[in-house]
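Dumped run-v8.csv below, it's CSV, C-alpha atoms and all ligand atoms:
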```csv
chain,number,residue,atom,x,y,z
A,186,MET,CA,-206.9,-80.6,-9.8
A,187,ARG,CA,-208.0,-83.9,-11.2
A,188,VAL,CA,-209.1,-82.7,-14.6
A,189,PHE,CA,-207.5,-80.1,-16.9
A,190,THR,CA,-209.3,-79.6,-20.2
A,191,LYS,CA,-210.0,-75.9,-20.1
A,192,MET,CA,-209.0,-72.6,-18.4
A,193,SER,CA,-211.5,-72.7,-15.6
A,194,ASP,CA,-210.1,-76.1,-14.4
A,195,ILE,CA,-207.0,-74.3,-13.0
A,196,GLY,CA,-209.1,-71.5,-11.4
A,197,THR,CA,-208.1,-68.2,-13.0
A,198,VAL,CA,-205.4,-67.0,-15.4
A,199,ALA,CA,-203.8,-65.2,-12.5
A,200,ASN,CA,-203.6,-68.4,-10.5
A,201,ALA,CA,-202.2,-70.3,-13.5
A,202,LEU,CA,-199.5,-67.6,-13.8
A,203,ASP,CA,-198.6,-67.8,-10.1
A,204,LEU,CA,-198.1,-71.6,-10.6
A,205,ALA,CA,-196.0,-71.0,-13.7
A,206,TRP,CA,-193.7,-68.5,-12.1
A,207,ASP,CA,-193.1,-71.0,-9.3
A,208,VAL,CA,-192.1,-73.7,-11.8
A,209,LYS,CA,-189.8,-71.2,-13.6
A,210,ILE,CA,-188.0,-70.2,-10.4
A,211,ASN,CA,-186.8,-73.7,-9.8
A,212,PRO,CA,-188.0,-76.4,-12.2
A,213,PHE,CA,-186.4,-79.3,-10.2
A,214,LYS,CA,-187.6,-78.5,-6.7
A,215,ASP,CA,-190.5,-81.0,-6.8
A,216,LYS,CA,-188.5,-83.9,-8.1
A,217,GLU,CA,-189.6,-86.0,-5.1
A,218,LEU,CA,-193.3,-85.4,-5.8
A,219,GLY,CA,-193.3,-87.6,-8.8
A,220,ARG,CA,-191.1,-90.4,-7.5
A,221,ASP,CA,-192.5,-93.8,-8.4
A,222,LYS,CA,-195.4,-92.2,-10.2
A,223,THR,CA,-196.1,-92.8,-13.9
A,224,LEU,CA,-197.5,-90.5,-16.5
A,225,LEU,CA,-199.2,-92.2,-19.5
A,226,MET,CA,-199.4,-90.0,-22.6
A,227,ILE,CA,-201.8,-91.2,-25.2
A,228,PHE,CA,-201.7,-89.8,-28.7
A,229,PHE,CA,-204.5,-90.3,-31.2
A,230,ASN,CA,-202.7,-87.7,-33.4
A,231,SER,CA,-199.2,-86.6,-34.2
A,232,SER,CA,-197.1,-84.2,-32.1
A,233,LEU,CA,-193.6,-82.8,-31.7
A,234,ARG,CA,-193.9,-80.1,-29.0
A,235,THR,CA,-196.6,-81.6,-26.8
A,236,ARG,CA,-194.9,-85.0,-26.7
A,237,LEU,CA,-191.4,-83.6,-25.8
A,238,SER,CA,-192.4,-80.8,-23.5
A,239,THR,CA,-194.9,-82.9,-21.5
A,240,GLN,CA,-192.4,-85.7,-21.1
A,241,LYS,CA,-189.7,-83.2,-20.1
A,242,ALA,CA,-192.1,-81.6,-17.6
A,243,ALA,CA,-192.9,-85.1,-16.0
A,244,MET,CA,-189.2,-85.9,-15.9
A,245,ASN,CA,-188.5,-82.6,-14.0
A,246,LEU,CA,-191.1,-83.8,-11.5
A,247,GLY,CA,-189.3,-87.1,-11.1
A,248,MET,CA,-192.0,-89.2,-12.9
A,249,ASN,CA,-191.7,-92.2,-15.1
A,250,VAL,CA,-193.4,-91.7,-18.5
A,251,ILE,CA,-195.1,-94.1,-20.9
A,252,VAL,CA,-196.1,-92.9,-24.4
A,253,LEU,CA,-198.6,-94.7,-26.5
A,254,ASP,CA,-199.3,-93.8,-30.2
A,255,ILE,CA,-202.7,-95.3,-30.8
A,256,ASN,CA,-202.1,-95.2,-34.6
A,257,GLN,CA,-198.7,-96.9,-34.5
A,258,GLY,CA,-198.8,-100.4,-33.1
A,259,ALA,CA,-201.8,-100.2,-30.8
A,260,TRP,CA,-205.1,-101.9,-31.5
A,261,LYS,CA,-207.6,-99.5,-33.2
A,262,LEU,CA,-210.1,-98.4,-30.6
A,263,GLU,CA,-213.9,-98.4,-31.0
A,264,SER,CA,-215.6,-95.5,-29.1
A,265,GLU,CA,-219.2,-95.9,-30.2
A,266,LEU,CA,-221.5,-97.4,-27.6
A,267,GLY,CA,-223.7,-100.4,-28.4
A,268,VAL,CA,-222.0,-101.0,-31.8
A,269,VAL,CA,-221.6,-104.5,-33.3
A,270,MET,CA,-217.8,-104.7,-33.6
A,271,ASP,CA,-217.5,-106.3,-37.0
A,272,GLY,CA,-215.3,-103.6,-38.5
A,273,ASP,CA,-211.5,-102.9,-38.3
A,274,LYS,CA,-211.5,-101.9,-34.6
A,275,PRO,CA,-210.8,-104.9,-32.4
A,276,GLU,CA,-210.8,-103.2,-29.0
A,277,HIS,CA,-213.4,-101.0,-27.3
A,278,ILE,CA,-212.4,-98.0,-25.2
A,279,LEU,CA,-214.7,-99.3,-22.4
A,280,GLU,CA,-212.1,-101.9,-21.7
A,281,ALA,CA,-209.0,-100.2,-23.1
A,282,ILE,CA,-209.3,-97.1,-20.9
A,283,PRO,CA,-209.5,-98.9,-17.5
A,284,VAL,CA,-206.7,-101.2,-18.6
A,285,MET,CA,-204.4,-98.3,-19.6
A,286,ALA,CA,-205.3,-96.5,-16.4
A,287,SER,CA,-204.2,-99.5,-14.3
A,288,TYR,CA,-200.6,-98.9,-15.6
A,289,CYS,CA,-200.3,-95.3,-14.5
A,290,ASP,CA,-201.1,-92.5,-12.1
A,291,ILE,CA,-201.9,-89.6,-14.4
A,292,ILE,CA,-203.1,-89.6,-18.0
A,293,GLY,CA,-202.5,-87.1,-20.8
A,294,VAL,CA,-204.7,-87.4,-23.9
A,295,ARG,CA,-204.4,-85.9,-27.4
A,296,SER,CA,-207.4,-86.4,-29.6
A,297,PHE,CA,-208.2,-84.0,-32.5
A,298,ALA,CA,-211.5,-83.1,-34.1
A,299,ASN,CA,-212.4,-85.2,-37.1
A,300,LEU,CA,-214.1,-82.2,-38.7
A,301,MET,CA,-216.9,-84.4,-40.0
A,302,SER,CA,-219.5,-83.6,-37.3
A,303,ARG,CA,-219.5,-80.4,-35.2
A,304,GLU,CA,-221.9,-82.1,-32.7
A,305,GLN,CA,-219.5,-85.0,-32.2
A,306,ASP,CA,-216.4,-82.9,-32.1
A,307,TYR,CA,-217.8,-80.3,-29.7
A,308,SER,CA,-219.0,-83.1,-27.3
A,309,GLU,CA,-215.3,-83.9,-26.7
A,310,GLU,CA,-216.2,-87.6,-26.7
A,311,ILE,CA,-212.7,-89.1,-26.4
A,312,ILE,CA,-211.3,-87.1,-23.6
A,313,SER,CA,-214.7,-87.2,-21.7
A,314,GLN,CA,-214.5,-91.0,-21.8
A,315,PHE,CA,-211.0,-91.0,-20.3
A,316,ILE,CA,-212.3,-88.7,-17.5
A,317,ARG,CA,-215.3,-91.0,-16.9
A,318,LEU,CA,-213.7,-94.4,-17.2
A,319,SER,CA,-210.1,-94.1,-16.0
A,320,GLY,CA,-210.5,-93.1,-12.4
A,321,LYS,CA,-207.2,-91.1,-12.7
A,322,PRO,CA,-206.4,-87.4,-13.1
A,323,VAL,CA,-206.7,-86.6,-16.8
A,324,PHE,CA,-205.3,-83.6,-18.7
A,325,SER,CA,-205.8,-82.5,-22.3
A,326,MET,CA,-202.8,-82.5,-24.6
A,327,GLU,CA,-205.2,-80.9,-27.2
A,328,SER,CA,-208.8,-82.1,-27.5
A,329,ALA,CA,-211.2,-81.7,-30.4
A,330,ILE,CA,-212.0,-78.1,-29.4
A,331,ARG,CA,-209.4,-76.8,-27.0
A,332,HIS,CA,-205.6,-76.8,-26.5
A,333,PRO,CA,-205.3,-75.5,-22.9
A,334,LEU,CA,-201.6,-76.4,-22.4
A,335,GLN,CA,-200.8,-74.3,-25.5
A,336,SER,CA,-202.9,-71.3,-24.4
A,337,TYR,CA,-201.4,-71.5,-20.9
A,338,ALA,CA,-197.9,-71.3,-22.4
A,339,ASP,CA,-199.1,-68.5,-24.7
A,340,VAL,CA,-200.3,-66.3,-21.8
A,341,ILE,CA,-197.0,-67.0,-19.9
A,342,THR,CA,-195.1,-65.8,-23.0
A,343,ILE,CA,-197.2,-62.6,-23.4
A,344,GLU,CA,-196.7,-61.8,-19.7
A,345,GLU,CA,-192.9,-62.2,-20.2
A,346,TYR,CA,-192.8,-60.0,-23.3
A,347,LYS,CA,-195.5,-57.3,-22.7
A,348,LYS,CA,-194.2,-53.8,-22.4
A,349,VAL,CA,-197.5,-52.2,-21.4
A,350,GLN,CA,-199.9,-53.3,-18.6
A,351,ARG,CA,-202.8,-53.9,-21.1
A,352,PRO,CA,-201.3,-55.0,-24.4
A,353,LYS,CA,-203.4,-55.2,-27.6
A,354,VAL,CA,-203.4,-58.9,-28.5
A,355,VAL,CA,-204.6,-59.9,-32.0
A,356,LEU,CA,-205.6,-63.4,-33.0
A,357,THR,CA,-205.5,-63.5,-36.8
A,358,TRP,CA,-206.7,-66.2,-39.1
A,359,ALA,CA,-204.1,-67.1,-41.8
A,360,PRO,CA,-204.3,-69.4,-44.9
A,361,HIS,CA,-203.4,-73.1,-44.8
A,362,PRO,CA,-203.7,-75.8,-47.4
A,363,ARG,CA,-205.4,-78.4,-45.1
A,364,ALA,CA,-208.5,-78.1,-43.0
A,365,LEU,CA,-207.5,-77.6,-39.3
A,366,PRO,CA,-209.6,-77.7,-36.1
A,367,GLN,CA,-210.6,-74.6,-34.3
A,368,ALA,CA,-209.0,-75.9,-31.0
A,369,VAL,CA,-206.0,-73.6,-30.7
A,370,ALA,CA,-208.0,-70.5,-31.7
A,371,ASN,CA,-210.9,-71.4,-29.4
A,372,SER,CA,-208.6,-72.0,-26.5
A,373,PHE,CA,-206.5,-68.9,-27.0
A,374,ALA,CA,-209.7,-66.8,-27.1
A,375,GLU,CA,-210.9,-68.5,-23.9
A,376,TRP,CA,-207.7,-67.7,-22.0
A,377,ILE,CA,-207.2,-64.2,-23.4
A,378,ASN,CA,-210.8,-63.3,-22.6
A,379,ASN,CA,-210.0,-64.0,-19.0
A,380,THR,CA,-207.2,-61.4,-18.9
A,381,GLU,CA,-207.2,-57.7,-18.9
A,382,TYR,CA,-205.7,-57.5,-22.4
A,383,GLU,CA,-207.4,-55.7,-25.2
A,384,PHE,CA,-208.3,-58.6,-27.5
A,385,VAL,CA,-209.2,-58.5,-31.2
A,386,ILE,CA,-209.9,-61.4,-33.4
A,387,THR,CA,-209.6,-60.9,-37.2
A,388,HIS,CA,-210.6,-63.3,-39.9
A,389,PRO,CA,-212.4,-63.3,-43.3
A,390,GLN,CA,-216.2,-63.5,-43.3
A,391,GLY,CA,-217.2,-67.2,-42.8
A,392,TYR,CA,-214.5,-68.1,-40.3
A,393,GLU,CA,-216.4,-67.0,-37.2
A,394,LEU,CA,-215.6,-69.0,-34.1
A,395,ALA,CA,-218.1,-70.3,-31.5
A,396,ASP,CA,-219.6,-67.5,-29.3
A,397,GLU,CA,-218.8,-69.5,-26.2
A,398,PHE,CA,-215.1,-68.9,-26.9
A,399,THR,CA,-215.0,-65.5,-28.5
A,400,ALA,CA,-217.3,-64.0,-25.8
A,401,ASN,CA,-216.3,-60.3,-25.3
A,402,ALA,CA,-213.6,-60.2,-27.9
A,403,ARG,CA,-213.9,-57.6,-30.7
A,404,VAL,CA,-214.2,-59.3,-34.1
A,405,GLU,CA,-212.7,-57.2,-36.9
A,406,TYR,CA,-213.1,-58.3,-40.5
A,407,ASP,CA,-210.7,-55.6,-41.7
A,408,TRP,CA,-207.2,-56.9,-40.8
A,409,LYS,CA,-205.7,-53.4,-41.2
A,410,ARG,CA,-207.8,-52.1,-38.4
A,411,ALA,CA,-207.0,-55.1,-36.2
A,412,TYR,CA,-203.2,-54.8,-36.7
A,413,GLU,CA,-203.1,-51.1,-36.0
A,414,GLY,CA,-201.2,-50.5,-32.7
A,415,ALA,CA,-201.1,-54.2,-31.8
A,416,HIS,CA,-198.5,-55.5,-29.3
A,417,PHE,CA,-198.9,-59.2,-30.1
A,418,ILE,CA,-199.9,-60.8,-33.4
A,419,TYR,CA,-201.0,-64.4,-32.9
A,420,ALA,CA,-201.5,-66.2,-36.2
A,421,LYS,CA,-203.4,-69.4,-36.6
A,422,ASN,CA,-205.4,-71.1,-39.3
A,423,TRP,CA,-208.7,-72.8,-38.6
A,424,SER,CA,-211.5,-74.3,-40.7
A,425,ALA,CA,-215.0,-72.9,-40.8
A,426,TYR,CA,-217.2,-73.5,-37.7
A,427,THR,CA,-220.5,-72.1,-38.7
A,428,GLY,CA,-223.5,-73.7,-40.5
A,429,ASN,CA,-223.1,-76.3,-43.1
A,430,ASN,CA,-219.5,-75.2,-43.7
A,431,TYR,CA,-218.2,-76.9,-40.5
A,432,GLY,CA,-214.7,-78.3,-41.0
A,433,LYS,CA,-214.4,-76.8,-44.5
A,434,ILE,CA,-211.7,-74.6,-46.1
A,435,LEU,CA,-213.6,-71.7,-47.6
A,436,HIS,CA,-210.6,-70.2,-49.3
A,437,MET,CA,-206.8,-69.8,-48.9
A,438,ASP,CA,-206.6,-66.1,-49.3
A,439,ARG,CA,-202.9,-65.3,-49.2
A,440,SER,CA,-203.7,-61.6,-48.5
A,441,TRP,CA,-204.1,-62.8,-44.9
A,442,THR,CA,-200.5,-64.1,-44.6
A,443,VAL,CA,-198.6,-62.3,-41.9
A,444,ASP,CA,-196.0,-60.2,-43.6
A,445,SER,CA,-193.7,-57.3,-42.9
A,446,GLU,CA,-196.2,-54.8,-44.4
A,447,LYS,CA,-198.9,-55.9,-41.9
A,448,MET,CA,-196.4,-56.0,-39.0
A,449,ALA,CA,-195.4,-52.4,-39.8
A,450,LEU,CA,-199.0,-51.3,-38.8
A,451,THR,CA,-198.4,-52.6,-35.3
A,452,ASP,CA,-196.7,-51.0,-32.3
A,453,ASN,CA,-193.6,-53.2,-32.8
A,454,ALA,CA,-195.7,-56.3,-32.2
A,455,PHE,CA,-194.2,-59.7,-31.3
A,456,PHE,CA,-195.2,-62.5,-33.7
A,457,MET,CA,-196.6,-65.7,-32.1
A,458,HIS,CA,-197.7,-69.0,-33.4
A,459,CYS,CA,-198.2,-72.4,-31.7
A,460,LEU,CA,-196.2,-74.3,-34.3
A,461,PRO,CA,-195.9,-76.3,-36.5
A,462,VAL,CA,-196.2,-73.4,-39.0
A,463,ARG,CA,-196.4,-73.4,-42.8
A,464,ARG,CA,-193.9,-70.7,-43.8
A,465,ASN,CA,-195.0,-68.3,-46.5
A,466,MET,CA,-198.6,-69.5,-46.0
A,467,ILE,CA,-199.3,-68.5,-42.4
A,468,VAL,CA,-196.3,-66.1,-42.1
A,469,THR,CA,-193.5,-65.0,-44.4
A,470,ASP,CA,-189.9,-66.0,-43.8
A,471,GLU,CA,-189.0,-62.4,-43.2
A,472,VAL,CA,-191.4,-62.1,-40.2
A,473,ILE,CA,-190.8,-65.5,-38.6
A,474,ASP,CA,-187.0,-65.0,-38.9
A,475,SER,CA,-187.1,-61.5,-37.5
A,476,GLU,CA,-186.4,-60.2,-34.0
A,477,SER,CA,-190.1,-59.8,-33.4
A,478,SER,CA,-190.8,-63.6,-33.7
A,479,ILE,CA,-191.0,-65.3,-30.3
A,480,VAL,CA,-192.3,-68.6,-31.4
A,481,VAL,CA,-189.4,-70.7,-30.1
A,482,HIS,CA,-189.6,-69.1,-26.6
A,483,GLN,CA,-193.4,-69.6,-26.8
A,484,ALA,CA,-192.8,-73.4,-27.5
A,485,SER,CA,-190.3,-73.6,-24.7
A,486,ASN,CA,-193.0,-72.4,-22.3
A,487,ARG,CA,-194.9,-75.6,-23.0
A,488,VAL,CA,-192.7,-77.3,-20.5
A,489,VAL,CA,-193.7,-74.8,-17.9
A,490,SER,CA,-197.5,-75.1,-18.5
A,491,ALA,CA,-197.3,-78.9,-18.5
A,492,GLN,CA,-195.2,-79.0,-15.4
A,493,ALA,CA,-197.6,-76.7,-13.5
A,494,VAL,CA,-200.6,-78.8,-14.4
A,495,ILE,CA,-199.0,-82.2,-13.7
A,496,ARG,CA,-197.7,-80.9,-10.4
A,497,GLU,CA,-201.2,-79.9,-9.3
A,498,MET,CA,-202.4,-83.3,-10.3
A,499,LEU,CA,-199.6,-85.1,-8.4
A,500,LYS,CA,-200.6,-83.3,-5.2
A,501,THR,CA,-204.0,-85.0,-5.4
A,502,LEU,CA,-202.6,-88.6,-5.4
A,601,LIG,N1,-198.2,-76.7,-30.6
A,601,LIG,C1,-198.3,-78.0,-30.6
A,601,LIG,O1,-199.2,-78.5,-29.9
A,601,LIG,O2,-197.4,-78.7,-31.3
A,601,LIG,P1,-197.4,-80.2,-31.5
A,601,LIG,O3,-198.6,-80.5,-32.4
A,601,LIG,O4,-196.1,-80.5,-32.3
A,601,LIG,O5,-197.5,-81.0,-30.3
```
Starting from the file, give its structure as C-alpha cells.
Amino acid sequence: MRVFTKMSDIGTVANALDLAWDVKINPFKDKELGRDKTLLMIFFNSSLRTRLSTQKAAMNLGMNVIVLDINQGAWKLESELGVVMDGDKPEHILEAIPVMASYCDIIGVRSFANLMSREQDYSEEIISQFIRLSGKPVFSMESAIRHPLQSYADVITIEEYKKVQRPKVVLTWAPHPRALPQAVANSFAEWINNTEYEFVITHPQGYELADEFTANARVEYDWKRAYEGAHFIYAKNWSAYTGNNYGKILHMDRSWTVDSEKMALTDNAFFMHCLPVRRNMIVTDEVIDSESSIVVHQASNRVVSAQAVIREMLKTL
C-alpha cells in the first residue's frame, strides 16, 4: 500500500481488521521492519491524538520520526499553481514537497478543510499534491474530507465491544460553537457502510452529508427513533455541506446534546467520540464519565490503526 487516504486503499474492512488484530497480538514484532527508515509527519493543523499515536506506532515499528508543524516555524506554503508569489507565502509546495520527501521514507499529512469552498475542500488538493509530488508512500492523518485512521480505530473499537453480530450503530450530529469539517462523519460513514452493521445517521434538517459517503445508511431526522435499541452512539459535530450553506453553522440546538435521557432509549449503548470533545455541548459529563463511555479506549486504538497502515507501507520500500 503506497497511499492511504480512504477505506478502499486498504482493501476491505475485514482485511483492515485482520491487520489490526495482528498488530494487537504483538505490537513490537516488526521492530526490524522500520530500522533506519524515517517517517515525516506534517501538520497543517493542530493535533493531540494523531500526533502522539502515529509517532508511537512508528516507534513500535523501529522507525525514526520527524514532525513538522507548518504553522509553527516553517515557511508558509503556497499551493496555488501559476500564482505571482508577492504575498505572505515565500515557498511553493512544488519545491517544498520534493525537498521534504528527500528527508524521509514515508509521509503522513494532516490538512483540514478551510470550509470556504466546497469544491476546493472536496478536491483534497493538499494531500493530492503530496501523493503526486513526493514519490513516497503517503497516508492521511485527516484530510479535508476524510479521517481514515480515526474511522479504522473506530471500527476496531466497535468490534472489540460489540455484543451482537450485527450491532445498531448510530452516528449523531451534536452541537458545537465553531464550524467543523465533515471529515470525521464522512469517513465514519464510509467505513461503517462497508460493514454488516445496521447503520443510522441522525441530524437536524440541513446537516445532510454528501451522498458519496452516506450511501446505504438510513438517515433519521428524529433522534428518538435513531437512538431506540442502538448499541453504539457515535457523536460528532459537523458544519453544513449542502447548497450555499457549505461550512456554516445553521444552529447550535442543545436538544441534540447526548445525555442520559437519550442513552436510556438505547440497548445499553456505548458512547463514542473521536475527541477532542466539548463537554456539555456534544455530550453531558454524566454520559462521558459513565461506564458506557469508551472514548479513551477508542483513542488508544489510534496507535493500532496507524501501525497497521505504516507497516503495510514499510513493506513496499
Ligand atoms: N481524533 C483526533 O484526530 O484527534 P487529534 O485532532 O487530537 O489528533
For region 463-471 of chain A, work out the shell of residues within 12 Å, counting all atoms listed in the file and skipping chain neighbours fewer than 5 positions away, then give it as number ranges by chain.
A: 357-363, 418-423, 437-448, 456-458, 476-478, 480
Atoms kept (C-alpha atoms) for selection, written as an mmCIF file, in the coordinates of the input:
```cif
data_model
loop_
_atom_site.group_PDB
_atom_site.id
_atom_site.type_symbol
_atom_site.label_atom_id
_atom_site.label_comp_id
_atom_site.auth_asym_id
_atom_site.auth_seq_id
_atom_site.Cartn_x
_atom_site.Cartn_y
_atom_site.Cartn_z
ATOM 1 C CA THR A 357 -205.500 -63.500 -36.800
ATOM 2 C CA TRP A 358 -206.700 -66.200 -39.100
ATOM 3 C CA ALA A 359 -204.100 -67.100 -41.800
ATOM 4 C CA PRO A 360 -204.300 -69.400 -44.900
ATOM 5 C CA HIS A 361 -203.400 -73.100 -44.800
ATOM 6 C CA PRO A 362 -203.700 -75.800 -47.400
ATOM 7 C CA ARG A 363 -205.400 -78.400 -45.100
ATOM 8 C CA ILE A 418 -199.900 -60.800 -33.400
ATOM 9 C CA TYR A 419 -201.000 -64.400 -32.900
ATOM 10 C CA ALA A 420 -201.500 -66.200 -36.200
ATOM 11 C CA LYS A 421 -203.400 -69.400 -36.600
ATOM 12 C CA ASN A 422 -205.400 -71.100 -39.300
ATOM 13 C CA TRP A 423 -208.700 -72.800 -38.600
ATOM 14 C CA MET A 437 -206.800 -69.800 -48.900
ATOM 15 C CA ASP A 438 -206.600 -66.100 -49.300
ATOM 16 C CA ARG A 439 -202.900 -65.300 -49.200
ATOM 17 C CA SER A 440 -203.700 -61.600 -48.500
ATOM 18 C CA TRP A 441 -204.100 -62.800 -44.900
ATOM 19 C CA THR A 442 -200.500 -64.100 -44.600
ATOM 20 C CA VAL A 443 -198.600 -62.300 -41.900
ATOM 21 C CA ASP A 444 -196.000 -60.200 -43.600
ATOM 22 C CA SER A 445 -193.700 -57.300 -42.900
ATOM 23 C CA GLU A 446 -196.200 -54.800 -44.400
ATOM 24 C CA LYS A 447 -198.900 -55.900 -41.900
ATOM 25 C CA MET A 448 -196.400 -56.000 -39.000
ATOM 26 C CA PHE A 456 -195.200 -62.500 -33.700
ATOM 27 C CA MET A 457 -196.600 -65.700 -32.100
ATOM 28 C CA HIS A 458 -197.700 -69.000 -33.400
ATOM 29 C CA GLU A 476 -186.400 -60.200 -34.000
ATOM 30 C CA SER A 477 -190.100 -59.800 -33.400
ATOM 31 C CA SER A 478 -190.800 -63.600 -33.700
ATOM 32 C CA VAL A 480 -192.300 -68.600 -31.400
#
```
12 Å contact set for Ser490 (chain A), all atoms listed in the file, chain neighbours under 6 positions out, as an mmCIF file with C-alpha atoms, in the coordinates of the input:
```
data_model
loop_
_atom_site.group_PDB
_atom_site.id
_atom_site.type_symbol
_atom_site.label_atom_id
_atom_site.label_comp_id
_atom_site.auth_asym_id
_atom_site.auth_seq_id
_atom_site.Cartn_x
_atom_site.Cartn_y
_atom_site.Cartn_z
ATOM 1 C CA PHE A 189 -207.500 -80.100 -16.900
ATOM 2 C CA MET A 192 -209.000 -72.600 -18.400
ATOM 3 C CA ILE A 195 -207.000 -74.300 -13.000
ATOM 4 C CA VAL A 198 -205.400 -67.000 -15.400
ATOM 5 C CA ALA A 201 -202.200 -70.300 -13.500
ATOM 6 C CA LEU A 202 -199.500 -67.600 -13.800
ATOM 7 C CA ASP A 203 -198.600 -67.800 -10.100
ATOM 8 C CA LEU A 204 -198.100 -71.600 -10.600
ATOM 9 C CA ALA A 205 -196.000 -71.000 -13.700
ATOM 10 C CA TRP A 206 -193.700 -68.500 -12.100
ATOM 11 C CA ASP A 207 -193.100 -71.000 -9.300
ATOM 12 C CA VAL A 208 -192.100 -73.700 -11.800
ATOM 13 C CA LYS A 209 -189.800 -71.200 -13.600
ATOM 14 C CA PRO A 212 -188.000 -76.400 -12.200
ATOM 15 C CA THR A 235 -196.600 -81.600 -26.800
ATOM 16 C CA SER A 238 -192.400 -80.800 -23.500
ATOM 17 C CA THR A 239 -194.900 -82.900 -21.500
ATOM 18 C CA LYS A 241 -189.700 -83.200 -20.100
ATOM 19 C CA ALA A 242 -192.100 -81.600 -17.600
ATOM 20 C CA ALA A 243 -192.900 -85.100 -16.000
ATOM 21 C CA PHE A 324 -205.300 -83.600 -18.700
ATOM 22 C CA SER A 325 -205.800 -82.500 -22.300
ATOM 23 C CA MET A 326 -202.800 -82.500 -24.600
ATOM 24 C CA HIS A 332 -205.600 -76.800 -26.500
ATOM 25 C CA PRO A 333 -205.300 -75.500 -22.900
ATOM 26 C CA LEU A 334 -201.600 -76.400 -22.400
ATOM 27 C CA GLN A 335 -200.800 -74.300 -25.500
ATOM 28 C CA SER A 336 -202.900 -71.300 -24.400
ATOM 29 C CA TYR A 337 -201.400 -71.500 -20.900
ATOM 30 C CA ALA A 338 -197.900 -71.300 -22.400
ATOM 31 C CA ASP A 339 -199.100 -68.500 -24.700
ATOM 32 C CA VAL A 340 -200.300 -66.300 -21.800
ATOM 33 C CA ILE A 341 -197.000 -67.000 -19.900
ATOM 34 C CA THR A 342 -195.100 -65.800 -23.000
ATOM 35 C CA GLN A 483 -193.400 -69.600 -26.800
ATOM 36 C CA ALA A 484 -192.800 -73.400 -27.500
ATOM 37 C CA ARG A 496 -197.700 -80.900 -10.400
ATOM 38 C CA GLU A 497 -201.200 -79.900 -9.300
#
```
Give me the residues near Phe229 (chain A) as a PyMOL selection string, where near means some atom within 6 Å (using all atoms listed in the file) and where sequence neighbours in that chain fewer than 4 positions away do not count.
chain A and resi 255+295-296
Give me the residues within 9 Å of region 402-407 of chain A as a list in words, counting all atoms listed in the file and dropping any in the same chain fewer than 6 places off.
Ala374, Ile377, Asn378, Glu383, Phe384, Val385, Ile386, Thr387, His388, Pro389, Gln390 and Glu393 of chain A
What's the separation between CA of Glu280 (chain A) and CA of Arg317 (chain A), in Å to one decimal place?
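Straight-line distance from CA of Glu280 (chain A) to CA of Arg317 (chain A) works out to 12.3 Å.
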Per residue of chain A within 6 Å of ligand LIG 601 (chain A), what are the shortest atom pair and its distance in Å to one decimal, counting all atoms listed in the file, with rows by chain and residue number, as a tab-separated table?
```
residue	atom	partner	partner_atom	distance
A:Ser232	CA	A:LIG601	O5	3.7
A:Leu233	CA	A:LIG601	O4	3.4
A:Arg234	CA	A:LIG601	O5	3.9
A:Thr235	CA	A:LIG601	O5	3.7
A:Arg236	CA	A:LIG601	O5	6.0
A:Cys459	CA	A:LIG601	N1	4.4
A:Leu460	CA	A:LIG601	N1	4.8
A:Pro461	CA	A:LIG601	O2	5.9
```
Counting all atoms listed in the file, what is within 7 Å of Ile434 (chain A), bar same-chain residues fewer than 4 positions away, as a count of residues only?
3
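Going from CA of Lys261 (chain A) over to CA of Lys222 (chain A), you cover 27.0 Å.
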In Å, how far is it from CA of Ile479 (chain A) to CA of Gln350 (chain A)?
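Straight-line distance from CA of Ile479 (chain A) to CA of Gln350 (chain A) works out to 19.0 Å.
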Could you check which of A:Leu435, A:Ile330, A:Ile311, A:Ile282 is closest to Leu394 (chain A), using only C-alpha atoms?
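Looking only at the distances to Leu394 (chain A), the closest residue turns out to be A:Ile330.
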Show me the residues around (-214.7, -63.3, -19.1) - criterion: an atom at most 10 Å away, only C-alpha atoms counted - as number ranges by chain.
A: 375-381, 398-402
Create the file for the chosen residues now, containing C-alpha atoms and written as a CSV table (one decimal), keeping the file's coordinate frame.
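The new file again_33.csv reads:
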```csv
chain,number,residue,atom,x,y,z
A,375,GLU,CA,-210.9,-68.5,-23.9
A,376,TRP,CA,-207.7,-67.7,-22.0
A,377,ILE,CA,-207.2,-64.2,-23.4
A,378,ASN,CA,-210.8,-63.3,-22.6
A,379,ASN,CA,-210.0,-64.0,-19.0
A,380,THR,CA,-207.2,-61.4,-18.9
A,381,GLU,CA,-207.2,-57.7,-18.9
A,398,PHE,CA,-215.1,-68.9,-26.9
A,399,THR,CA,-215.0,-65.5,-28.5
A,400,ALA,CA,-217.3,-64.0,-25.8
A,401,ASN,CA,-216.3,-60.3,-25.3
A,402,ALA,CA,-213.6,-60.2,-27.9
```
Looking at all atoms listed in the file, which of A:Glu304, A:Asp215, A:Glu327, A:Glu309 is the one that sits closest to Val369 (chain A)?
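Looking only at the distances to Val369 (chain A), the closest residue turns out to be A:Glu327.
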Quick one: region 351-355 of chain A with N, CA, C and O atoms, as an mmCIF file, in the frame of the given file?
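Final output, out_36.cif:
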```
data_model
loop_
_atom_site.group_PDB
_atom_site.id
_atom_site.type_symbol
_atom_site.label_atom_id
_atom_site.label_comp_id
_atom_site.auth_asym_id
_atom_site.auth_seq_id
_atom_site.Cartn_x
_atom_site.Cartn_y
_atom_site.Cartn_z
ATOM 1 N N ARG A 351 -201.622 -53.316 -20.368
ATOM 2 C CA ARG A 351 -202.800 -53.900 -21.100
ATOM 3 C C ARG A 351 -202.493 -53.938 -22.561
ATOM 4 O O ARG A 351 -202.953 -53.079 -23.327
ATOM 5 N N PRO A 352 -201.698 -54.927 -22.980
ATOM 6 C CA PRO A 352 -201.300 -55.000 -24.400
ATOM 7 C C PRO A 352 -202.516 -55.290 -25.296
ATOM 8 O O PRO A 352 -203.489 -55.911 -24.864
ATOM 9 N N LYS A 353 -202.385 -54.838 -26.544
ATOM 10 C CA LYS A 353 -203.400 -55.200 -27.600
ATOM 11 C C LYS A 353 -202.917 -56.517 -28.192
ATOM 12 O O LYS A 353 -201.849 -56.562 -28.817
ATOM 13 N N VAL A 354 -203.732 -57.551 -28.037
ATOM 14 C CA VAL A 354 -203.400 -58.900 -28.500
ATOM 15 C C VAL A 354 -204.363 -59.219 -29.659
ATOM 16 O O VAL A 354 -205.586 -59.143 -29.488
ATOM 17 N N VAL A 355 -203.794 -59.573 -30.815
ATOM 18 C CA VAL A 355 -204.600 -59.900 -32.000
ATOM 19 C C VAL A 355 -204.454 -61.303 -32.411
ATOM 20 O O VAL A 355 -203.335 -61.765 -32.654
#
```
